[in-house]
file work-v4.txt (compact mmCIF, C-alpha atoms)
# COMPACT_ATOMS: atom_id res chain seq x y z
CA MET A 1 42.05 37.50 81.60
CA SER A 2 39.20 35.03 80.97
CA LEU A 3 35.84 34.79 79.27
CA THR A 4 32.81 33.12 80.76
CA GLN A 5 30.82 30.87 78.50
CA ALA A 6 27.97 28.69 79.73
CA GLY A 7 29.15 29.15 83.29
CA LYS A 8 32.70 28.02 82.55
CA ASP A 9 35.80 30.17 82.57
CA LEU A 10 37.55 29.93 79.24
CA PRO A 11 41.07 31.24 78.73
CA TYR A 12 41.05 34.50 76.83
CA THR A 13 42.81 34.34 73.48
CA LEU A 14 43.95 37.40 71.60
CA PRO A 15 42.37 38.03 68.20
CA PHE A 16 44.35 36.56 65.30
CA THR A 17 45.71 39.93 64.09
CA GLU A 18 46.98 40.70 67.59
CA ARG A 19 48.63 37.29 67.89
CA LEU A 20 50.20 37.80 64.49
CA SER A 21 51.51 41.26 65.47
CA LYS A 22 52.83 39.87 68.72
CA SER A 23 54.57 36.99 66.90
CA ILE A 24 56.13 39.36 64.37
CA GLU A 25 57.41 41.54 67.18
CA TYR A 26 58.82 38.49 68.96
CA LEU A 27 60.56 37.25 65.80
CA GLY A 28 62.01 40.69 65.21
CA PHE A 29 63.28 40.73 68.78
CA LYS A 30 64.89 37.29 68.45
CA ALA A 31 66.39 38.13 65.05
CA ARG A 32 68.12 41.24 66.39
CA SER A 33 71.44 41.02 68.12
CA HIS A 34 70.45 39.73 71.53
CA SER A 35 72.78 42.06 73.39
CA ALA A 36 72.30 43.52 76.84
CA ILE A 37 71.87 46.99 75.35
CA THR A 38 69.09 45.85 73.00
CA ALA A 39 67.38 44.02 75.86
CA TYR A 40 67.75 47.03 78.14
CA ASP A 41 66.15 49.32 75.54
CA TYR A 42 63.36 46.84 75.01
CA VAL A 43 62.54 46.50 78.73
CA ALA A 44 62.67 50.27 79.16
CA GLY A 45 60.26 50.58 76.19
CA VAL A 46 57.86 47.99 77.64
CA LEU A 47 57.90 49.72 80.99
CA SER A 48 57.20 53.10 79.44
CA GLU A 49 54.36 51.71 77.32
CA GLN A 50 52.85 49.81 80.24
CA GLN A 51 52.80 52.98 82.32
CA LYS A 52 50.88 54.65 79.51
CA TYR A 53 48.40 51.76 79.36
CA VAL A 54 47.79 52.08 83.09
CA MET A 55 47.28 55.80 82.62
CA TYR A 56 44.89 55.19 79.71
CA ARG A 57 42.83 52.68 81.70
CA GLU A 58 42.62 54.95 84.74
CA MET A 59 41.89 58.18 82.93
CA PHE A 60 39.61 56.91 80.18
CA PRO A 61 38.16 53.59 81.41
CA LYS A 62 35.24 53.60 78.98
CA GLU A 63 37.45 54.15 75.95
CA TRP A 64 39.98 51.60 77.22
CA LYS A 65 37.26 48.97 77.58
CA ARG A 66 35.94 49.36 74.08
CA SER A 67 39.28 49.97 72.38
CA LYS A 68 40.37 47.56 69.67
CA ALA A 69 43.63 49.36 68.91
CA SER A 70 46.60 47.02 68.84
CA LEU A 71 49.00 46.81 71.73
CA TYR A 72 51.75 45.61 69.38
CA ARG A 73 51.44 47.34 66.00
CA ARG A 74 53.06 50.75 65.75
CA GLY A 75 50.67 53.69 65.32
CA TYR A 76 51.01 57.01 63.45
CA TYR A 77 53.56 58.11 66.03
CA ARG A 78 55.83 55.22 65.30
CA LYS A 79 57.56 55.11 68.64
CA TYR A 80 54.28 54.03 70.23
CA SER A 81 51.73 51.26 69.79
CA GLU A 82 48.33 51.98 68.25
CA ARG A 83 46.85 51.88 71.76
CA VAL A 84 49.23 54.52 73.07
CA ASN A 85 48.52 56.59 69.96
CA GLU A 86 44.86 56.38 70.92
CA LEU A 87 45.73 57.75 74.38
CA ILE A 88 47.72 60.60 72.83
CA ASN A 89 44.71 61.54 70.70
CA LEU A 90 42.33 61.28 73.67
CA VAL A 91 44.48 63.68 75.67
CA ASN A 92 44.49 66.01 72.66
CA ASP A 93 40.70 65.80 72.24
CA LYS A 94 39.57 65.81 75.86
CA CYS A 95 42.30 67.52 77.86
CA PHE A 96 44.29 70.13 75.96
CA PRO A 97 45.74 70.81 72.50
CA LEU A 98 48.73 68.52 72.78
CA LEU A 99 49.18 67.98 69.05
CA GLU A 100 48.99 71.60 67.91
CA PHE A 101 52.57 72.28 68.79
CA ALA A 102 54.36 70.86 65.74
CA TYR A 103 53.51 67.27 66.49
CA ASP A 104 52.64 66.33 62.91
CA ASP A 105 55.89 64.41 62.62
CA PRO A 106 55.40 60.62 62.97
CA GLU A 107 58.78 60.48 64.69
CA SER A 108 57.55 62.75 67.52
CA GLU A 109 58.10 61.60 71.08
CA PHE A 110 55.80 62.46 73.95
CA ASP A 111 57.67 61.25 76.99
CA GLN A 112 58.69 64.89 77.31
CA PHE A 113 56.44 67.47 75.66
CA ALA A 114 55.92 71.22 75.43
CA ILE A 115 52.65 73.16 75.29
CA PRO A 116 51.70 76.00 72.93
CA PRO A 117 51.26 79.45 74.52
CA LEU A 118 47.64 80.68 74.59
CA ASN A 119 48.40 84.29 75.44
CA VAL A 120 49.26 87.03 72.97
CA ASP A 121 52.97 87.12 72.22
CA LEU A 122 53.79 90.74 73.06
CA CYS A 123 57.50 90.12 72.81
CA CYS A 124 58.24 89.83 69.12
CA GLU A 125 55.00 89.55 67.19
CA GLU A 126 53.15 92.50 65.71
CA ILE A 127 50.05 93.35 67.75
CA TYR A 128 46.77 93.35 65.86
CA PHE A 129 44.54 95.30 68.25
CA GLU A 130 41.41 94.57 66.24
CA ASN A 131 41.83 90.86 66.90
CA LEU A 132 42.13 91.22 70.67
CA HIS A 133 39.46 91.34 73.34
CA ILE A 134 38.77 95.05 73.73
CA SER A 135 39.63 94.85 77.45
CA TYR A 136 42.97 93.22 76.62
CA ALA A 137 43.68 95.85 73.98
CA ALA A 138 42.79 98.65 76.42
CA ALA A 139 45.13 97.26 79.07
CA LEU A 140 48.01 97.61 76.64
CA ILE A 141 48.07 101.37 77.39
CA PHE A 142 50.42 100.46 80.24
CA TYR A 143 52.83 98.59 77.98
CA PHE A 144 52.56 100.08 74.49
CA PRO A 145 50.96 103.49 75.16
CA ASP A 146 51.44 105.11 71.76
CA ASP A 147 49.97 102.29 69.69
CA THR A 148 47.21 101.64 72.21
CA TRP A 149 46.08 105.27 72.46
CA ALA A 150 46.05 105.43 68.67
CA PHE A 151 43.82 102.37 68.62
CA LEU A 152 41.52 103.72 71.37
CA ASN A 153 41.27 107.03 69.60
CA HIS A 154 40.34 105.32 66.36
CA ARG A 155 37.85 103.01 68.08
CA PHE A 156 36.25 105.24 70.74
CA LYS A 157 37.55 108.73 69.96
CA LEU A 158 39.42 108.77 73.29
CA SER A 159 42.69 110.61 73.71
CA LYS A 160 45.40 110.39 76.32
CA GLY A 161 44.88 113.99 77.50
CA GLU A 162 41.41 113.19 78.80
CA PHE A 163 42.78 110.79 81.40
CA PRO A 164 44.96 110.97 84.51
CA GLU A 165 48.70 110.46 84.18
CA ILE A 166 49.68 106.80 84.24
CA GLY A 167 52.25 105.86 86.89
CA SER A 168 55.42 104.28 85.63
CA ASP A 169 54.93 101.33 87.97
CA PRO A 170 51.65 99.76 88.98
CA HIS A 171 50.41 99.70 92.56
CA PRO A 172 51.43 96.39 94.27
CA ASN A 173 47.74 95.44 94.61
CA VAL A 174 47.67 94.90 90.86
CA TRP A 175 49.72 91.72 91.25
CA ASN A 176 47.78 90.40 94.23
CA PRO A 177 45.59 87.52 92.98
CA LYS A 178 43.72 87.47 96.30
CA SER A 179 42.18 90.83 95.49
CA CYS A 180 39.76 89.01 93.12
CA SER A 181 39.69 92.09 90.93
CA PRO A 182 38.77 91.59 87.28
CA PHE A 183 41.17 94.44 86.46
CA GLY A 184 43.91 92.64 88.38
CA GLU A 185 43.22 89.45 86.48
CA LEU A 186 43.29 91.37 83.20
CA LEU A 187 46.58 93.09 83.99
CA ARG A 188 48.23 89.88 85.17
CA LEU A 189 47.08 88.27 81.94
CA VAL A 190 48.58 91.03 79.81
CA ASP A 191 51.73 90.95 81.92
CA HIS A 192 52.03 87.17 81.46
CA SER A 193 52.21 86.75 85.23
CA THR A 194 49.10 84.72 85.99
CA GLY A 195 50.94 81.68 87.29
CA ASN A 196 49.23 79.62 84.58
CA PRO A 197 51.72 77.95 82.19
CA TRP A 198 49.36 78.31 79.20
CA LEU A 199 49.19 82.08 79.72
CA ASP A 200 52.64 82.99 80.97
CA SER A 201 54.69 81.42 78.18
CA ASN A 202 55.45 82.82 74.77
CA TYR A 203 57.27 81.70 71.66
CA CYS A 204 60.33 83.80 72.44
CA GLN A 205 61.34 81.93 75.56
CA THR A 206 62.56 78.39 75.89
CA ALA A 207 59.59 76.10 76.32
CA ASP A 208 59.04 74.24 79.56
CA TRP A 209 59.03 70.49 79.12
CA TYR A 210 56.56 68.26 80.88
CA SER A 211 56.81 64.57 81.64
CA TRP A 212 54.15 62.29 80.27
CA ASP A 213 52.53 61.18 83.50
CA ARG A 214 49.06 61.40 84.94
CA GLU A 215 49.88 64.15 87.39
CA ALA A 216 51.31 66.45 84.69
CA ILE A 217 48.44 65.74 82.26
CA GLU A 218 45.80 66.43 84.89
CA GLU A 219 47.50 69.59 86.11
CA LEU A 220 47.87 70.93 82.56
CA THR A 221 44.24 70.06 81.82
CA LYS A 222 43.11 72.00 84.87
CA GLU A 223 45.29 74.96 83.95
CA TYR A 224 44.09 74.86 80.34
CA ARG A 225 40.50 75.10 81.49
CA ALA A 226 41.36 77.90 83.90
CA ALA A 227 43.15 79.76 81.09
CA ASN A 228 40.11 79.55 78.83
CA GLU A 229 37.87 80.69 81.63
CA ILE A 230 40.02 83.76 82.12
CA PHE A 231 39.51 84.63 78.45
CA GLU A 232 35.79 83.94 78.82
CA ARG A 233 35.58 86.34 81.76
CA LEU A 234 37.11 89.11 79.66
CA ARG A 235 33.79 89.24 77.83
CA ASP A 236 32.17 90.91 80.86
CA LEU A 237 34.82 93.61 80.84
CA ASP A 238 34.54 93.90 77.05
CA GLU A 239 30.84 94.60 77.29
CA MET A 240 31.34 97.23 79.97
CA ILE A 241 34.07 98.97 78.00
CA GLU A 242 31.92 98.95 74.87
CA ALA A 243 29.07 100.47 76.91
CA ASP A 244 31.13 103.20 78.57
CA PRO A 245 34.76 103.23 77.41
CA LYS A 246 35.72 106.47 79.14
CA LYS A 247 34.46 105.43 82.56
CA MET A 248 36.03 102.01 82.33
CA LEU A 249 39.38 103.30 81.16
CA ARG A 250 39.46 105.83 84.01
CA ALA A 251 38.72 103.02 86.44
CA LEU A 252 41.44 100.86 84.94
CA ILE A 253 44.02 103.66 85.18
CA LYS A 254 42.94 104.36 88.75
CA PHE A 255 43.41 100.71 89.60
CA TRP A 256 46.90 100.73 88.05
CA ASN A 257 47.89 103.88 89.94
CA SER A 258 46.27 103.28 93.33
CA GLY A 259 45.29 99.62 93.47
CA GLU A 260 41.72 100.68 94.22
CA HIS A 261 39.03 98.86 92.38
CA PRO A 262 35.80 100.81 91.88
CA ASP A 263 32.53 98.96 92.21
CA LEU A 264 31.63 98.17 88.63
CA GLY A 265 29.21 95.43 89.47
CA LEU A 266 31.87 92.89 88.53
CA SER A 267 34.13 92.58 91.52
CA GLY A 268 33.74 89.31 93.31
CA SER A 269 31.03 87.78 91.16
CA SER A 270 33.08 86.76 88.19
CA ALA A 271 36.41 87.01 89.92
CA THR A 272 35.63 84.50 92.64
CA GLN A 273 34.97 81.96 89.93
CA ILE A 274 38.52 82.27 88.74
CA ARG A 275 39.96 79.47 90.73
CA SER A 276 36.81 77.53 91.41
CA SER A 277 36.59 75.78 88.06
CA GLY A 278 36.25 72.06 88.38
CA ASN A 279 38.39 69.42 86.81
CA GLU A 280 35.76 67.07 85.50
CA ILE A 281 37.48 66.15 82.27
CA TYR A 282 37.05 62.45 82.73
CA GLU A 283 33.71 62.64 84.42
CA GLU A 284 31.82 61.43 81.40
CA SER A 285 34.12 58.49 80.95
CA HIS A 286 33.93 57.45 84.58
CA ARG A 287 30.21 57.99 84.86
CA SER A 288 29.44 55.43 82.20
CA THR A 289 31.61 52.67 83.64
CA MET B 290 94.69 50.44 94.66
CA ASN B 291 93.77 47.35 92.70
CA CYS B 292 96.94 45.96 91.07
CA GLU B 293 95.19 43.33 89.02
CA SER B 294 95.50 43.57 85.27
CA PRO B 295 92.32 44.07 83.21
CA LEU B 296 92.61 40.45 82.08
CA GLU B 297 92.81 39.22 85.66
CA ILE B 298 89.80 41.35 86.59
CA LEU B 299 87.85 39.91 83.68
CA ILE B 300 88.80 36.31 84.54
CA SER B 301 87.79 36.83 88.16
CA GLU B 302 84.34 38.11 87.25
CA THR B 303 81.41 35.72 87.71
CA GLU B 304 79.99 34.57 84.43
CA LYS B 305 76.34 35.60 84.15
CA VAL B 306 73.74 36.91 81.76
CA ASN B 307 72.71 40.55 82.03
CA PRO B 308 69.34 40.50 83.87
CA ALA B 309 67.83 42.86 81.29
CA ILE B 310 68.18 40.07 78.69
CA LEU B 311 66.30 37.63 80.89
CA LEU B 312 63.56 40.16 81.67
CA ALA B 313 63.25 41.14 78.00
CA GLU B 314 62.64 37.48 77.12
CA GLU B 315 60.03 37.23 79.87
CA PHE B 316 58.28 40.42 78.75
CA MET B 317 58.30 39.27 75.14
CA ARG B 318 56.30 36.20 76.05
CA ARG B 319 53.65 37.96 78.09
CA ASP B 320 50.45 39.56 76.86
CA SER B 321 50.65 43.36 76.78
CA ALA B 322 46.97 43.60 77.69
CA ASP B 323 47.78 42.11 81.09
CA LEU B 324 49.05 45.29 82.63
CA LEU B 325 52.08 45.07 84.87
CA SER B 326 51.40 45.18 88.58
CA THR B 327 53.14 47.67 90.84
CA ASP B 328 55.45 44.86 92.00
CA ASP B 329 56.27 43.97 88.39
CA ILE B 330 57.09 47.59 87.59
CA HIS B 331 59.25 47.85 90.69
CA ARG B 332 61.09 44.64 89.77
CA ALA B 333 61.57 45.87 86.19
CA GLU B 334 62.97 49.19 87.40
CA GLU B 335 65.41 47.40 89.68
CA THR B 336 66.43 45.09 86.85
CA LEU B 337 66.96 48.08 84.57
CA ASP B 338 69.23 49.70 87.17
CA LEU B 339 71.19 46.49 87.53
CA GLY B 340 71.30 45.93 83.77
CA ARG B 341 72.54 49.47 83.15
CA SER B 342 75.19 49.12 85.84
CA GLU B 343 76.45 45.90 84.22
CA ILE B 344 76.48 47.48 80.77
CA GLU B 345 78.54 50.37 82.14
CA THR B 346 80.93 48.00 83.90
CA THR B 347 81.45 46.10 80.66
CA ARG B 348 82.05 49.34 78.79
CA ARG B 349 84.64 50.42 81.34
CA GLN B 350 86.39 47.07 81.08
CA ILE B 351 86.46 47.26 77.28
CA ALA B 352 87.89 50.77 77.51
CA ALA B 353 90.53 49.53 80.00
CA PHE B 354 91.45 46.74 77.60
CA GLU B 355 91.81 49.19 74.75
CA ARG B 356 94.19 51.25 76.85
CA SER B 357 96.26 48.22 77.86
CA ALA B 358 99.69 47.91 76.26
CA ALA B 359 100.07 44.99 73.89
CA ARG B 360 102.24 42.15 75.25
CA PRO B 361 103.41 39.06 73.41
CA SER B 362 101.68 35.91 74.56
CA GLU B 363 103.72 33.16 76.12
CA GLY B 364 102.02 30.57 73.97
CA LEU B 365 100.27 30.51 70.61
CA PRO B 366 96.48 30.41 70.89
CA THR B 367 94.86 27.43 69.22
CA GLY B 368 94.18 28.08 65.58
CA PHE B 369 97.19 30.35 64.96
call {"tool": "encode", "arguments": {"input": "work-v4.txt", "output": "structure tokens"}}
result
Amino acid sequence: MSLTQAGKDLPYTLPFTERLSKSIEYLGFKARSHSAITAYDYVAGVLSEQQKYVMYREMFPKEWKRSKASLYRRGYYRKYSERVNELINLVNDKCFPLLEFAYDDPESEFDQFAIPPLNVDLCCEEIYFENLHISYAAALIFYFPDDTWAFLNHRFKLSKGEFPEIGSDPHPNVWNPKSCSPFGELLRLVDHSTGNPWLDSNYCQTADWYSWDREAIEELTKEYRAANEIFERLRDLDEMIEADPKKMLRALIKFWNSGEHPDLGLSGSSATQIRSSGNEIYEESHRST
Amino acid sequence: MNCESPLEILISETEKVNPAILLAEEFMRRDSADLLSTDDIHRAEETLDLGRSEIETTRRQIAAFERSAARPSEGLPTGF
């Protein structure tokens, strides 16, 4: 690294605080038992940190360029330098909620990490229908019929007797993502079978662990966006149910029983956007470099 | 089957420094802002493999020594 001054290349020198931090780290290293195991751990640590720096520079070049965070001093998460801590926070701010899942402990490690479920936990938690999207709540008639009919009766004065019998098993079309049906997307969401890790996990099952590498971060970012878009698209269904709950519920039950999706003015338009969302998380950062 | 005693095995080993120690010293002296190249990372990974293998070999030899039956020495070591 060099600086150019008056046409001459001058060797780059670290700021004093960085040199001091580097010296302190070096002295600490020399003062410790200089065993093969200590050296092995140190090299493994350097390698891991360097891989994160490369990732930082590639994913957030603008932030990397202007960063003054130390490469030597330990940050809030003490296992990592201040610079790596900065990367962790950038991923949390710009990619997905990495730190919401009990990562308030300074001893936390991120080389392997889990993600918090975004979907409603239907397994063990009490269901508060009033807090759900109305379309999501309505789709629960196939899973928790008694509670859901009670809710629908309270909300829209609808009762089970006014509707066709619900089949014990859904038509196979329900699970076919290629059908591009908003009802299908809704039912797969409620069933936790969307194929999206943010939506298919819950607190009752063992969490999947992800490795801290660029591929995993980018994939999870893409899936996080897709998951939020699915929730956004529920608003269309919500509005239609609010406008005509009886018609929509009949259509939903028909879809469950026969796999046929009536033309509600929704099919295709919103559904085809499901998997077309871009992955321009870093666009802003790259654009300005 | 190798009939050498653990002591003979140890004596026959080449004396050398674990490569992880040498690489750790090298890394300590470099500037972290100069990111490692792909070649550097590859070399470091190879060194780590080698270093780990040597650490495990040493551990096995120590364990073999601990299992060895005590035998009186033929001569008194200096200092005793």
call {"tool": "residues_around", "arguments": {"input": "work-v4.txt", "residues": "range 339-342 of chain B", "least_positions_apart": "4", "cutoff": "9 Å", "atoms": "all atoms listed in the file", "output": "list in words"}}
result
Ala36, Ile37 and Tyr40 of chain A; Asn307, Pro308, Ala309, Ile310, Glu334, Glu335, Thr346 and Thr347 of chain B
call {"tool": "axis_aligned_box", "arguments": {"input": "work-v4.txt", "around": "range 305-309 of chain B", "padding_each_side": "6 Å", "output": "JSON"}}
result
{"center_x": 72.1, "center_y": 39.2, "center_z": 82.7, "size_x": 20.5, "size_y": 19.3, "size_z": 14.9}
call {"tool": "closest_atom_pairs", "arguments": {"input": "work-v4.txt", "of": "range 312-349 of chain B", "to": "range 67-83 of chain A", "cutoff": "12 Å", "atoms": "all atoms listed in the file", "output": "CSV"}}
result
residue,atom,partner,partner_atom,distance
B:Met317,CA,A:Tyr72,CA,10.8
B:Arg319,CA,A:Tyr72,CA,11.7
B:Asp320,CA,A:Leu71,CA,9.0
B:Ser321,CA,A:Leu71,CA,6.3
B:Ala322,CA,A:Leu71,CA,7.1
B:Asp323,CA,A:Leu71,CA,10.5
B:Leu324,CA,A:Leu71,CA,11.0
call {"tool": "interface_residues", "arguments": {"input": "work-v4.txt", "of": "chain A", "to": "chain B", "cutoff": "8 Å", "atoms": "only C-alpha atoms", "output": "number ranges by chain"}}
result
A: 1, 26, 34-37, 39-40, 42-44, 46-47, 50, 53-54, 71-72
call {"tool": "write_last_selection", "arguments": {"input": "work-v4.txt", "atoms": "C-alpha atoms", "output": "compact mmCIF listing (two decimals), keeping the file's coordinate frame"}}
result
# COMPACT_ATOMS: atom_id res chain seq x y z
CA MET A 1 42.05 37.50 81.60
CA TYR A 26 58.82 38.49 68.96
CA HIS A 34 70.45 39.73 71.53
CA SER A 35 72.78 42.06 73.39
CA ALA A 36 72.30 43.52 76.84
CA ILE A 37 71.87 46.99 75.35
CA ALA A 39 67.38 44.02 75.86
CA TYR A 40 67.75 47.03 78.14
CA TYR A 42 63.36 46.84 75.01
CA VAL A 43 62.54 46.50 78.73
CA ALA A 44 62.67 50.27 79.16
CA VAL A 46 57.86 47.99 77.64
CA LEU A 47 57.90 49.72 80.99
CA GLN A 50 52.85 49.81 80.24
CA TYR A 53 48.40 51.76 79.36
CA VAL A 54 47.79 52.08 83.09
CA LEU A 71 49.00 46.81 71.73
CA TYR A 72 51.75 45.61 69.38
call {"tool": "atom_distance", "arguments": {"input": "work-v4.txt", "atom1": "CA of Tyr210 in chain A", "atom2": "CA of Ile230 in chain A"}}
result
22.7 Å
call {"tool": "atom_distance", "arguments": {"input": "work-v4.txt", "atom1": "CA of Met248 in chain A", "atom2": "CA of Cys123 in chain A"}}
result
26.3 Å
call {"tool": "closest_residue", "arguments": {"input": "work-v4.txt", "among": "A:Pro197, A:Leu234, A:Glu185, A:Arg57", "to": "Ala137 in chain A", "atoms": "all atoms listed in the file"}}
result
A:Leu234
call {"tool": "build_atoms", "arguments": {"input": "work-v4.txt", "residues": "range 306-324 of chain B", "atoms": "N, CA and C atoms", "output": "JSON list (two decimals), keeping the file's coordinate frame"}}
result
[["chain", "number", "residue", "atom", "x", "y", "z"],
["B", 306, "VAL", "N", 74.46, 36.22, 82.84],
["B", 306, "VAL", "CA", 73.74, 36.91, 81.76],
["B", 306, "VAL", "C", 73.18, 38.21, 82.33],
["B", 307, "ASN", "N", 73.27, 39.28, 81.57],
["B", 307, "ASN", "CA", 72.71, 40.55, 82.03],
["B", 307, "ASN", "C", 71.21, 40.35, 82.32],
["B", 308, "PRO", "N", 70.75, 40.76, 83.51],
["B", 308, "PRO", "CA", 69.34, 40.50, 83.87],
["B", 308, "PRO", "C", 68.34, 41.15, 82.92],
["B", 309, "ALA", "N", 68.76, 42.21, 82.24],
["B", 309, "ALA", "CA", 67.83, 42.86, 81.29],
["B", 309, "ALA", "C", 67.48, 41.90, 80.15],
["B", 310, "ILE", "N", 68.44, 41.03, 79.78],
["B", 310, "ILE", "CA", 68.18, 40.07, 78.69],
["B", 310, "ILE", "C", 67.12, 39.07, 79.15],
["B", 311, "LEU", "N", 67.26, 38.61, 80.38],
["B", 311, "LEU", "CA", 66.30, 37.63, 80.89],
["B", 311, "LEU", "C", 64.90, 38.25, 81.01],
["B", 312, "LEU", "N", 64.86, 39.49, 81.50],
["B", 312, "LEU", "CA", 63.56, 40.16, 81.67],
["B", 312, "LEU", "C", 62.93, 40.48, 80.31],
["B", 313, "ALA", "N", 63.77, 40.85, 79.34],
["B", 313, "ALA", "CA", 63.25, 41.14, 78.00],
["B", 313, "ALA", "C", 62.58, 39.90, 77.42],
["B", 314, "GLU", "N", 63.21, 38.75, 77.61],
["B", 314, "GLU", "CA", 62.64, 37.48, 77.12],
["B", 314, "GLU", "C", 61.30, 37.22, 77.81],
["B", 315, "GLU", "N", 61.28, 37.45, 79.10],
["B", 315, "GLU", "CA", 60.03, 37.23, 79.87],
["B", 315, "GLU", "C", 58.92, 38.16, 79.38],
["B", 316, "PHE", "N", 59.27, 39.43, 79.20],
["B", 316, "PHE", "CA", 58.28, 40.42, 78.75],
["B", 316, "PHE", "C", 57.78, 40.09, 77.35],
["B", 317, "MET", "N", 58.68, 39.59, 76.51],
["B", 317, "MET", "CA", 58.30, 39.27, 75.14],
["B", 317, "MET", "C", 57.22, 38.21, 75.09],
["B", 318, "ARG", "N", 57.23, 37.33, 76.07],
["B", 318, "ARG", "CA", 56.30, 36.20, 76.05],
["B", 318, "ARG", "C", 54.96, 36.53, 76.71],
["B", 319, "ARG", "N", 54.90, 37.65, 77.40],
["B", 319, "ARG", "CA", 53.65, 37.96, 78.09],
["B", 319, "ARG", "C", 52.71, 38.79, 77.19],
["B", 320, "ASP", "N", 51.46, 38.83, 77.61],
["B", 320, "ASP", "CA", 50.45, 39.56, 76.86],
["B", 320, "ASP", "C", 50.43, 41.02, 77.34],
["B", 321, "SER", "N", 50.60, 41.94, 76.40],
["B", 321, "SER", "CA", 50.65, 43.36, 76.78],
["B", 321, "SER", "C", 49.36, 43.85, 77.43],
["B", 322, "ALA", "N", 48.25, 43.16, 77.11],
["B", 322, "ALA", "CA", 46.97, 43.60, 77.69],
["B", 322, "ALA", "C", 46.90, 43.32, 79.19],
["B", 323, "ASP", "N", 47.71, 42.36, 79.65],
["B", 323, "ASP", "CA", 47.78, 42.11, 81.09],
["B", 323, "ASP", "C", 48.75, 43.13, 81.67],
["B", 324, "LEU", "N", 48.19, 44.19, 82.19],
["B", 324, "LEU", "CA", 49.05, 45.29, 82.63],
["B", 324, "LEU", "C", 49.94, 44.85, 83.79]]
